[in-house]
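S.K.: Pasting data-v7.pdb below, which is PDB, C-alpha atoms.
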```pdb
ATOM      1  CA  SER A   1      -9.331  43.951  14.472  1.00  0.00           C
ATOM      2  CA  GLU A   2     -10.505  43.599  10.905  1.00  0.00           C
ATOM      3  CA  PRO A   3      -7.195  44.558   9.144  1.00  0.00           C
ATOM      4  CA  GLU A   4      -5.279  41.885  11.104  1.00  0.00           C
ATOM      5  CA  MET A   5      -7.924  39.275  10.252  1.00  0.00           C
ATOM      6  CA  ILE A   6      -7.655  40.187   6.567  1.00  0.00           C
ATOM      7  CA  LYS A   7      -3.828  40.014   6.686  1.00  0.00           C
ATOM      8  CA  ALA A   8      -3.980  36.588   8.363  1.00  0.00           C
ATOM      9  CA  LEU A   9      -6.473  35.364   5.774  1.00  0.00           C
ATOM     10  CA  ALA A  10      -4.409  36.640   2.850  1.00  0.00           C
ATOM     11  CA  SER A  11      -1.104  35.295   4.173  1.00  0.00           C
ATOM     12  CA  CYS A  12       0.363  32.030   2.928  1.00  0.00           C
ATOM     13  CA  SER A  13       0.222  30.606   6.427  1.00  0.00           C
ATOM     14  CA  TYR A  14      -3.585  30.736   6.747  1.00  0.00           C
ATOM     15  CA  GLU A  15      -3.990  27.052   5.887  1.00  0.00           C
ATOM     16  CA  GLU A  16      -1.186  25.791   8.127  1.00  0.00           C
ATOM     17  CA  GLN A  17      -2.340  23.562  10.972  1.00  0.00           C
ATOM     18  CA  SER A  18      -5.747  23.167   9.306  1.00  0.00           C
ATOM     19  CA  GLN A  19      -7.564  20.482   7.317  1.00  0.00           C
ATOM     20  CA  TRP A  20      -7.440  22.477   4.048  1.00  0.00           C
ATOM     21  CA  GLY A  21      -5.766  20.449   1.337  1.00  0.00           C
ATOM     22  CA  LYS A  22      -6.243  17.261   3.355  1.00  0.00           C
ATOM     23  CA  GLU A  23      -9.863  16.799   4.375  1.00  0.00           C
ATOM     24  CA  MET A  24     -11.404  20.029   3.046  1.00  0.00           C
ATOM     25  CA  GLY A  25     -11.001  21.936  -0.203  1.00  0.00           C
ATOM     26  CA  LEU A  26      -8.721  20.843  -3.023  1.00  0.00           C
ATOM     27  CA  LYS A  27      -6.214  18.055  -2.394  1.00  0.00           C
ATOM     28  CA  TYR A  28      -2.743  19.556  -2.699  1.00  0.00           C
ATOM     29  CA  GLY A  29       0.527  18.061  -3.870  1.00  0.00           C
ATOM     30  CA  CYS A  30      -0.434  16.898  -7.352  1.00  0.00           C
ATOM     31  CA  PRO A  31      -0.450  18.686 -10.738  1.00  0.00           C
ATOM     32  CA  VAL A  32      -4.020  17.464 -11.346  1.00  0.00           C
ATOM     33  CA  GLU A  33      -5.553  18.324  -7.985  1.00  0.00           C
ATOM     34  CA  ASP A  34      -9.040  18.424  -9.495  1.00  0.00           C
ATOM     35  CA  VAL A  35      -8.903  14.692 -10.310  1.00  0.00           C
ATOM     36  CA  VAL A  36      -7.726  13.739  -6.800  1.00  0.00           C
ATOM     37  CA  THR A  37     -10.326  16.013  -5.214  1.00  0.00           C
ATOM     38  CA  GLY A  38     -13.110  14.610  -7.409  1.00  0.00           C
ATOM     39  CA  LEU A  39     -12.128  11.038  -6.572  1.00  0.00           C
ATOM     40  CA  ALA A  40     -11.919  11.804  -2.853  1.00  0.00           C
ATOM     41  CA  ILE A  41     -15.339  13.444  -2.639  1.00  0.00           C
ATOM     42  CA  GLN A  42     -16.954  10.709  -4.715  1.00  0.00           C
ATOM     43  CA  CYS A  43     -15.451   8.143  -2.337  1.00  0.00           C
ATOM     44  CA  ARG A  44     -17.116  10.076   0.506  1.00  0.00           C
ATOM     45  CA  GLY A  45     -20.493   9.525  -1.143  1.00  0.00           C
ATOM     46  CA  TRP A  46     -20.952  12.682  -3.192  1.00  0.00           C
ATOM     47  CA  LYS A  47     -22.673  12.209  -6.558  1.00  0.00           C
ATOM     48  CA  SER A  48     -21.608  13.906  -9.771  1.00  0.00           C
ATOM     49  CA  ALA A  49     -24.039  15.906 -11.874  1.00  0.00           C
ATOM     50  CA  TYR A  50     -23.597  17.547 -15.261  1.00  0.00           C
ATOM     51  CA  LEU A  51     -24.618  21.186 -15.282  1.00  0.00           C
ATOM     52  CA  ASN A  52     -24.693  23.268 -18.439  1.00  0.00           C
ATOM     53  CA  PRO A  53     -26.119  26.710 -17.636  1.00  0.00           C
ATOM     54  CA  LYS A  54     -27.064  29.118 -20.417  1.00  0.00           C
ATOM     55  CA  SER A  55     -24.584  31.741 -19.216  1.00  0.00           C
ATOM     56  CA  LYS A  56     -21.107  30.385 -18.588  1.00  0.00           C
ATOM     57  CA  ALA A  57     -19.884  30.728 -15.005  1.00  0.00           C
ATOM     58  CA  PHE A  58     -16.195  30.157 -15.744  1.00  0.00           C
ATOM     59  CA  VAL A  59     -14.231  30.790 -18.902  1.00  0.00           C
ATOM     60  CA  GLY A  60     -10.801  29.171 -18.859  1.00  0.00           C
ATOM     61  CA  VAL A  61      -7.678  29.782 -20.842  1.00  0.00           C
ATOM     62  CA  ALA A  62      -6.936  27.040 -23.346  1.00  0.00           C
ATOM     63  CA  PRO A  63      -3.549  26.409 -24.997  1.00  0.00           C
ATOM     64  CA  THR A  64      -3.224  28.460 -28.169  1.00  0.00           C
ATOM     65  CA  ASN A  65      -0.410  26.614 -29.938  1.00  0.00           C
ATOM     66  CA  LEU A  66       1.073  23.134 -30.246  1.00  0.00           C
ATOM     67  CA  HIS A  67       3.882  23.721 -27.751  1.00  0.00           C
ATOM     68  CA  GLN A  68       1.490  24.923 -25.032  1.00  0.00           C
ATOM     69  CA  MET A  69      -0.840  21.987 -25.729  1.00  0.00           C
ATOM     70  CA  LEU A  70       1.990  19.450 -25.466  1.00  0.00           C
ATOM     71  CA  VAL A  71       3.204  20.990 -22.198  1.00  0.00           C
ATOM     72  CA  GLN A  72      -0.367  20.842 -20.837  1.00  0.00           C
ATOM     73  CA  TRP A  73      -0.819  17.205 -21.869  1.00  0.00           C
ATOM     74  CA  ARG A  74       2.554  16.277 -20.372  1.00  0.00           C
ATOM     75  CA  ARG A  75       1.541  17.899 -17.075  1.00  0.00           C
ATOM     76  CA  TRP A  76      -1.850  16.166 -17.102  1.00  0.00           C
ATOM     77  CA  SER A  77      -0.514  12.733 -18.012  1.00  0.00           C
ATOM     78  CA  GLY A  78       2.341  12.998 -15.499  1.00  0.00           C
ATOM     79  CA  GLY A  79      -0.058  14.104 -12.773  1.00  0.00           C
ATOM     80  CA  ASP A  80      -2.512  11.334 -13.634  1.00  0.00           C
ATOM     81  CA  PHE A  81       0.319   8.786 -13.475  1.00  0.00           C
ATOM     82  CA  GLN A  82       1.298  10.183 -10.057  1.00  0.00           C
ATOM     83  CA  ILE A  83      -2.249   9.508  -8.858  1.00  0.00           C
ATOM     84  CA  LEU A  84      -2.120   5.976 -10.269  1.00  0.00           C
ATOM     85  CA  LEU A  85       0.985   5.226  -8.193  1.00  0.00           C
ATOM     86  CA  SER A  86      -0.173   7.069  -5.056  1.00  0.00           C
ATOM     87  CA  GLU A  87      -2.445   6.213  -2.152  1.00  0.00           C
ATOM     88  CA  TYR A  88      -5.276   7.824  -4.173  1.00  0.00           C
ATOM     89  CA  SER A  89      -5.180   5.259  -6.969  1.00  0.00           C
ATOM     90  CA  PRO A  90      -8.855   4.504  -7.648  1.00  0.00           C
ATOM     91  CA  VAL A  91      -8.084   0.782  -7.775  1.00  0.00           C
ATOM     92  CA  TRP A  92      -7.458   0.602  -4.021  1.00  0.00           C
ATOM     93  CA  TYR A  93      -8.663   3.991  -2.721  1.00  0.00           C
ATOM     94  CA  GLY A  94     -12.074   3.639  -4.372  1.00  0.00           C
ATOM     95  CA  GLN A  95     -12.501  -0.075  -3.639  1.00  0.00           C
ATOM     96  CA  GLY A  96     -15.903  -0.527  -2.006  1.00  0.00           C
ATOM     97  CA  LYS A  97     -16.564   3.232  -1.997  1.00  0.00           C
ATOM     98  CA  ILE A  98     -17.388   3.903  -5.657  1.00  0.00           C
ATOM     99  CA  SER A  99     -18.723   1.723  -8.456  1.00  0.00           C
ATOM    100  CA  LEU A 100     -16.538  -0.426 -10.692  1.00  0.00           C
ATOM    101  CA  GLY A 101     -17.516   1.811 -13.618  1.00  0.00           C
ATOM    102  CA  LEU A 102     -16.110   4.882 -11.864  1.00  0.00           C
ATOM    103  CA  ILE A 103     -12.938   3.004 -10.918  1.00  0.00           C
ATOM    104  CA  LEU A 104     -12.444   1.977 -14.552  1.00  0.00           C
ATOM    105  CA  GLY A 105     -13.281   5.494 -15.764  1.00  0.00           C
ATOM    106  CA  TYR A 106     -10.661   7.081 -13.519  1.00  0.00           C
ATOM    107  CA  SER A 107      -8.129   4.352 -14.367  1.00  0.00           C
ATOM    108  CA  CYS A 108      -8.573   4.911 -18.095  1.00  0.00           C
ATOM    109  CA  PHE A 109      -7.264   8.469 -17.783  1.00  0.00           C
ATOM    110  CA  LEU A 110      -4.607   7.570 -15.234  1.00  0.00           C
ATOM    111  CA  PHE A 111      -3.024   5.150 -17.718  1.00  0.00           C
ATOM    112  CA  LEU A 112      -2.530   7.928 -20.296  1.00  0.00           C
ATOM    113  CA  ALA A 113       1.237   8.261 -19.667  1.00  0.00           C
ATOM    114  CA  PRO A 114       2.167   4.544 -19.713  1.00  0.00           C
ATOM    115  CA  SER A 115      -0.018   3.941 -22.773  1.00  0.00           C
ATOM    116  CA  SER A 116       2.240   6.258 -24.763  1.00  0.00           C
ATOM    117  CA  VAL A 117       4.992   3.597 -24.766  1.00  0.00           C
ATOM    118  CA  PRO A 118       3.172   1.064 -27.002  1.00  0.00           C
ATOM    119  CA  VAL A 119       2.008   3.899 -29.272  1.00  0.00           C
ATOM    120  CA  LEU A 120       5.609   5.074 -29.653  1.00  0.00           C
ATOM    121  CA  VAL A 121       6.864   1.529 -30.308  1.00  0.00           C
ATOM    122  CA  TYR A 122       4.153   0.947 -32.918  1.00  0.00           C
ATOM    123  CA  SER A 123       4.951   4.267 -34.608  1.00  0.00           C
ATOM    124  CA  VAL A 124       8.675   3.536 -34.780  1.00  0.00           C
ATOM    125  CA  LEU A 125       8.264  -0.091 -35.882  1.00  0.00           C
ATOM    126  CA  ALA A 126       5.730   0.817 -38.565  1.00  0.00           C
ATOM    127  CA  SER A 127       8.075   3.495 -39.921  1.00  0.00           C
ATOM    128  CA  LEU A 128      11.036   1.082 -39.946  1.00  0.00           C
ATOM    129  CA  CYS A 129       8.985  -1.610 -41.685  1.00  0.00           C
ATOM    130  CA  LEU A 130       7.872   0.820 -44.372  1.00  0.00           C
ATOM    131  CA  PHE A 131      11.454   2.092 -44.762  1.00  0.00           C
ATOM    132  CA  LYS A 132      12.816  -1.458 -45.169  1.00  0.00           C
ATOM    133  CA  GLY A 133       9.960  -2.574 -47.448  1.00  0.00           C
ATOM    134  CA  ILE A 134       8.583  -5.103 -44.971  1.00  0.00           C
ATOM    135  CA  PRO A 135       4.786  -5.429 -45.297  1.00  0.00           C
ATOM    136  CA  LEU A 136       2.879  -4.212 -42.241  1.00  0.00           C
ATOM    137  CA  PHE A 137      -0.180  -6.386 -42.730  1.00  0.00           C
ATOM    138  CA  PRO A 138      -0.499 -10.079 -43.641  1.00  0.00           C
ATOM    139  CA  LYS A 139      -1.617 -11.106 -47.107  1.00  0.00           C
ATOM    140  CA  VAL A 140      -5.201 -12.347 -47.419  1.00  0.00           C
ATOM    141  CA  SER A 141      -3.895 -15.780 -48.450  1.00  0.00           C
ATOM    142  CA  SER A 142      -1.807 -16.056 -45.242  1.00  0.00           C
ATOM    143  CA  SER A 143      -3.136 -17.896 -42.179  1.00  0.00           C
ATOM    144  CA  TRP A 144      -2.033 -14.866 -40.115  1.00  0.00           C
ATOM    145  CA  PHE A 145      -4.783 -12.875 -41.806  1.00  0.00           C
ATOM    146  CA  ILE A 146      -7.503 -14.642 -39.741  1.00  0.00           C
ATOM    147  CA  PRO A 147      -6.562 -13.193 -36.311  1.00  0.00           C
ATOM    148  CA  PHE A 148      -5.728  -9.847 -37.925  1.00  0.00           C
ATOM    149  CA  GLY A 149      -9.114  -9.776 -39.668  1.00  0.00           C
ATOM    150  CA  CYS A 150     -10.955 -10.793 -36.476  1.00  0.00           C
ATOM    151  CA  VAL A 151      -9.300  -8.025 -34.448  1.00  0.00           C
ATOM    152  CA  THR A 152      -9.999  -5.472 -37.183  1.00  0.00           C
ATOM    153  CA  ALA A 153     -13.652  -6.544 -37.410  1.00  0.00           C
ATOM    154  CA  ALA A 154     -14.037  -6.471 -33.595  1.00  0.00           C
ATOM    155  CA  VAL A 155     -12.531  -2.973 -33.309  1.00  0.00           C
ATOM    156  CA  ASN A 156     -14.782  -1.651 -36.071  1.00  0.00           C
ATOM    157  CA  ALA A 157     -17.859  -3.352 -34.566  1.00  0.00           C
ATOM    158  CA  TYR A 158     -17.045  -1.841 -31.165  1.00  0.00           C
ATOM    159  CA  SER A 159     -16.641   1.623 -32.701  1.00  0.00           C
ATOM    160  CA  LEU A 160     -19.953   1.208 -34.513  1.00  0.00           C
ATOM    161  CA  ALA A 161     -21.651   0.088 -31.278  1.00  0.00           C
ATOM    162  CA  GLU A 162     -20.245   3.142 -29.464  1.00  0.00           C
ATOM    163  CA  PHE A 163     -21.540   5.379 -32.228  1.00  0.00           C
TER
END
```
Could you write out this file's structure as structure tokens?

M.R.:
Amino acid sequence: SEPEMIKALASCSYEEQSQWGKEMGLKYGCPVEDVVTGLAIQCRGWKSAYLNPKSKAFVGVAPTNLHQMLVQWRRWSGGDFQILLSEYSPVWYGQGKISLGLILGYSCFLFLAPSSVPVLVYSVLASLCLFKGIPLFPKVSSSWFIPFGCVTAAVNAYSLAEF
């Protein structure tokens, strides 16, 4: 009867013994299931398209303060790092299924958590150098200024090219 069908559908056991969360629907078991699902369907041959309708279909809830934003970023970066270390890492899961550009694009976001370590080290070392009066940058007369200047020029040229 219809009430029993509705109860079965609404129960938590509806997806048990099915392909939902594995082969169909969202991939479960990761805080950033949308990234895993997107990677999986692109590896199956689906193509992405950007759609920007005049009337918004979905309006989400964004963090409203710093604490909520930091919690959200921690969840995202931790989930992305989980994907990087899982069977769904685009480096081996997407090999031969999606383009190198897509693999690099996914990998860029998946390295968000480990990239925080060099940023933290640089922040602490720069603060300690300033506290101790040690100059952070080489003097123009120093031979160490040449590689520093080349890197600075390359970074600025790259930013200008992106712009």

S.K.: Considering all atoms listed in the file, return as JSON, numbers by chain whatever protein or nucleic-acid residues lie within 12 Å of Gly105 of chain A, sequence-local ones (same chain, fewer than 2 positions apart) excluded.

M.R.: {"A": [35, 39, 89, 90, 91, 94, 98, 99, 100, 101, 102, 103, 107, 108, 109, 110, 111, 112]}

S.K.: Return the single residue from A:Phe137, A:Pro114, A:Lys132, A:Ala57 that is closest to Leu85 of chain A, with distances computed using all atoms listed in the file.

M.R.: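 When distances to Leu85 of chain A are compared using all atoms listed in the file, the smallest one comes from A:Pro114.
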
S.K.: Counting all atoms listed in the file, figure out which residue out of A:Gln42, A:Thr64, A:Ser55, A:Ser115 gets nearest to Gly78 of chain A.

M.R.: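 The closest residue to Gly78 of chain A is A:Ser115.
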
S.K.: Please, what distance in Å, to one decimal, runs between atom CA of Leu104 of chain A and atom CA of Ser123 of chain A?

M.R.: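 Atom CA of Leu104 of chain A sits 26.6 Å away from atom CA of Ser123 of chain A.
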
S.K.: Between atom CA of Gln17 of chain A and atom CA of Glu4 of chain A, what is the distance in Å, rounded to a tenth?

M.R.: 18.6 Å

S.K.: Could you tell me how far atom CA of Leu84 of chain A sits from atom CA of Val124 of chain A, in Å to one decimal place?

M.R.: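 Value for the atom CA of Val124 of chain A-atom CA of Leu84 of chain A distance: 26.9 Å.
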
S.K.: Please identify all polymer residues within 12 Å of Ala126 of chain A, counting all atoms listed in the file, omitting same-chain residues fewer than 6 positions from it, and present them as a list in words.

M.R.: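 Skipping anything fewer than 6 positions along the chain leaves Pro118, Val119, Leu120, Lys132, Gly133, Ile134, Pro135, Leu136 and Phe137 of chain A.
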
S.K.: Kindly list the centre and edge lengths in Å, rounded to one decimal, for the axis-aligned box that covers all listed atoms of segment 108-120 of chain A plus 4 Å on each of its six sides, as AutoDock Vina command-line options.

M.R.:
```
--center_x -1.5 --center_y 4.8 --center_z -22.4 --size_x 22.2 --size_y 15.4 --size_z 22.4
```

S.K.: Since I can't run it myself right now, could you work out what the PyMOL selection byres ((chain A and resi 41) around 12) selects here and report it as a list in words?

M.R.: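 The output of the PyMOL selection byres ((chain A and resi 41) around 12) on this file is Lys22, Glu23, Met24, Gly25, Leu26, Lys27, Asp34, Val35, Val36, Thr37, Gly38, Leu39, Ala40, Gln42, Cys43, Arg44, Gly45, Trp46, Lys47, Ser48, Tyr88, Tyr93, Gly94, Lys97 and Ile98 of chain A.
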
S.K.: Reconstruct segment 54-79 of chain A at the level of N, CA, C and O atoms, and format the result as a tab-separated table (two decimals), in the frame of the given file.

M.R.:
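Below you can see part.tsv, which holds the result:
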```tsv
chain	number	residue	atom	x	y	z
A	54	LYS	N	-27.04	28.30	-19.19
A	54	LYS	CA	-27.06	29.12	-20.42
A	54	LYS	C	-25.92	30.13	-20.43
A	54	LYS	O	-25.25	30.30	-21.43
A	55	SER	N	-25.72	30.81	-19.30
A	55	SER	CA	-24.58	31.74	-19.22
A	55	SER	C	-23.43	31.03	-18.51
A	55	SER	O	-23.61	30.42	-17.47
A	56	LYS	N	-22.27	31.09	-19.10
A	56	LYS	CA	-21.11	30.38	-18.59
A	56	LYS	C	-20.60	31.03	-17.30
A	56	LYS	O	-20.41	32.24	-17.25
A	57	ALA	N	-20.37	30.22	-16.29
A	57	ALA	CA	-19.88	30.73	-15.00
A	57	ALA	C	-18.38	30.95	-15.04
A	57	ALA	O	-17.87	31.91	-14.47
A	58	PHE	N	-17.65	30.06	-15.70
A	58	PHE	CA	-16.20	30.16	-15.74
A	58	PHE	C	-15.74	30.04	-17.19
A	58	PHE	O	-16.21	29.20	-17.93
A	59	VAL	N	-14.82	30.87	-17.58
A	59	VAL	CA	-14.23	30.79	-18.90
A	59	VAL	C	-12.73	30.61	-18.69
A	59	VAL	O	-12.07	31.50	-18.16
A	60	GLY	N	-12.21	29.47	-19.08
A	60	GLY	CA	-10.80	29.17	-18.86
A	60	GLY	C	-9.93	29.63	-20.00
A	60	GLY	O	-10.41	30.14	-21.02
A	61	VAL	N	-8.65	29.45	-19.82
A	61	VAL	CA	-7.68	29.78	-20.84
A	61	VAL	C	-7.16	28.47	-21.41
A	61	VAL	O	-6.59	27.65	-20.69
A	62	ALA	N	-7.38	28.26	-22.68
A	62	ALA	CA	-6.94	27.04	-23.35
A	62	ALA	C	-5.60	27.30	-24.05
A	62	ALA	O	-5.29	28.44	-24.41
A	63	PRO	N	-4.79	26.24	-24.24
A	63	PRO	CA	-3.55	26.41	-25.00
A	63	PRO	C	-3.84	26.95	-26.40
A	63	PRO	O	-4.82	26.55	-27.02
A	64	THR	N	-2.99	27.83	-26.87
A	64	THR	CA	-3.22	28.46	-28.17
A	64	THR	C	-2.29	27.96	-29.26
A	64	THR	O	-2.47	28.32	-30.42
A	65	ASN	N	-1.29	27.15	-28.91
A	65	ASN	CA	-0.41	26.61	-29.94
A	65	ASN	C	0.01	25.19	-29.55
A	65	ASN	O	-0.29	24.72	-28.45
A	66	LEU	N	0.70	24.53	-30.45
A	66	LEU	CA	1.07	23.13	-30.25
A	66	LEU	C	1.99	22.96	-29.04
A	66	LEU	O	1.80	22.04	-28.24
A	67	HIS	N	2.95	23.84	-28.88
A	67	HIS	CA	3.88	23.72	-27.75
A	67	HIS	C	3.14	23.80	-26.41
A	67	HIS	O	3.37	22.99	-25.52
A	68	GLN	N	2.26	24.79	-26.27
A	68	GLN	CA	1.49	24.92	-25.03
A	68	GLN	C	0.61	23.69	-24.79
A	68	GLN	O	0.47	23.24	-23.66
A	69	MET	N	0.01	23.16	-25.87
A	69	MET	CA	-0.84	21.99	-25.73
A	69	MET	C	-0.03	20.77	-25.27
A	69	MET	O	-0.46	20.01	-24.41
A	70	LEU	N	1.15	20.58	-25.84
A	70	LEU	CA	1.99	19.45	-25.47
A	70	LEU	C	2.47	19.57	-24.02
A	70	LEU	O	2.51	18.57	-23.29
A	71	VAL	N	2.80	20.77	-23.59
A	71	VAL	CA	3.20	20.99	-22.20
A	71	VAL	C	2.03	20.67	-21.27
A	71	VAL	O	2.20	20.01	-20.24
A	72	GLN	N	0.83	21.11	-21.64
A	72	GLN	CA	-0.37	20.84	-20.84
A	72	GLN	C	-0.65	19.34	-20.75
A	72	GLN	O	-0.90	18.81	-19.67
A	73	TRP	N	-0.57	18.65	-21.88
A	73	TRP	CA	-0.82	17.20	-21.87
A	73	TRP	C	0.24	16.46	-21.07
A	73	TRP	O	-0.05	15.47	-20.40
A	74	ARG	N	1.50	16.92	-21.16
A	74	ARG	CA	2.55	16.28	-20.37
A	74	ARG	C	2.28	16.45	-18.88
A	74	ARG	O	2.44	15.52	-18.09
A	75	ARG	N	1.85	17.64	-18.48
A	75	ARG	CA	1.54	17.90	-17.08
A	75	ARG	C	0.36	17.03	-16.63
A	75	ARG	O	0.40	16.42	-15.57
A	76	TRP	N	-0.68	16.97	-17.45
A	76	TRP	CA	-1.85	16.17	-17.10
A	76	TRP	C	-1.51	14.69	-17.01
A	76	TRP	O	-1.87	14.01	-16.05
A	77	SER	N	-0.81	14.17	-18.02
A	77	SER	CA	-0.51	12.73	-18.01
A	77	SER	C	0.46	12.38	-16.89
A	77	SER	O	0.31	11.34	-16.25
A	78	GLY	N	1.43	13.25	-16.62
A	78	GLY	CA	2.34	13.00	-15.50
A	78	GLY	C	1.63	13.04	-14.17
A	78	GLY	O	1.85	12.20	-13.28
A	79	GLY	N	0.72	14.02	-14.00
A	79	GLY	CA	-0.06	14.10	-12.77
A	79	GLY	C	-1.00	12.92	-12.60
A	79	GLY	O	-1.16	12.38	-11.50
```
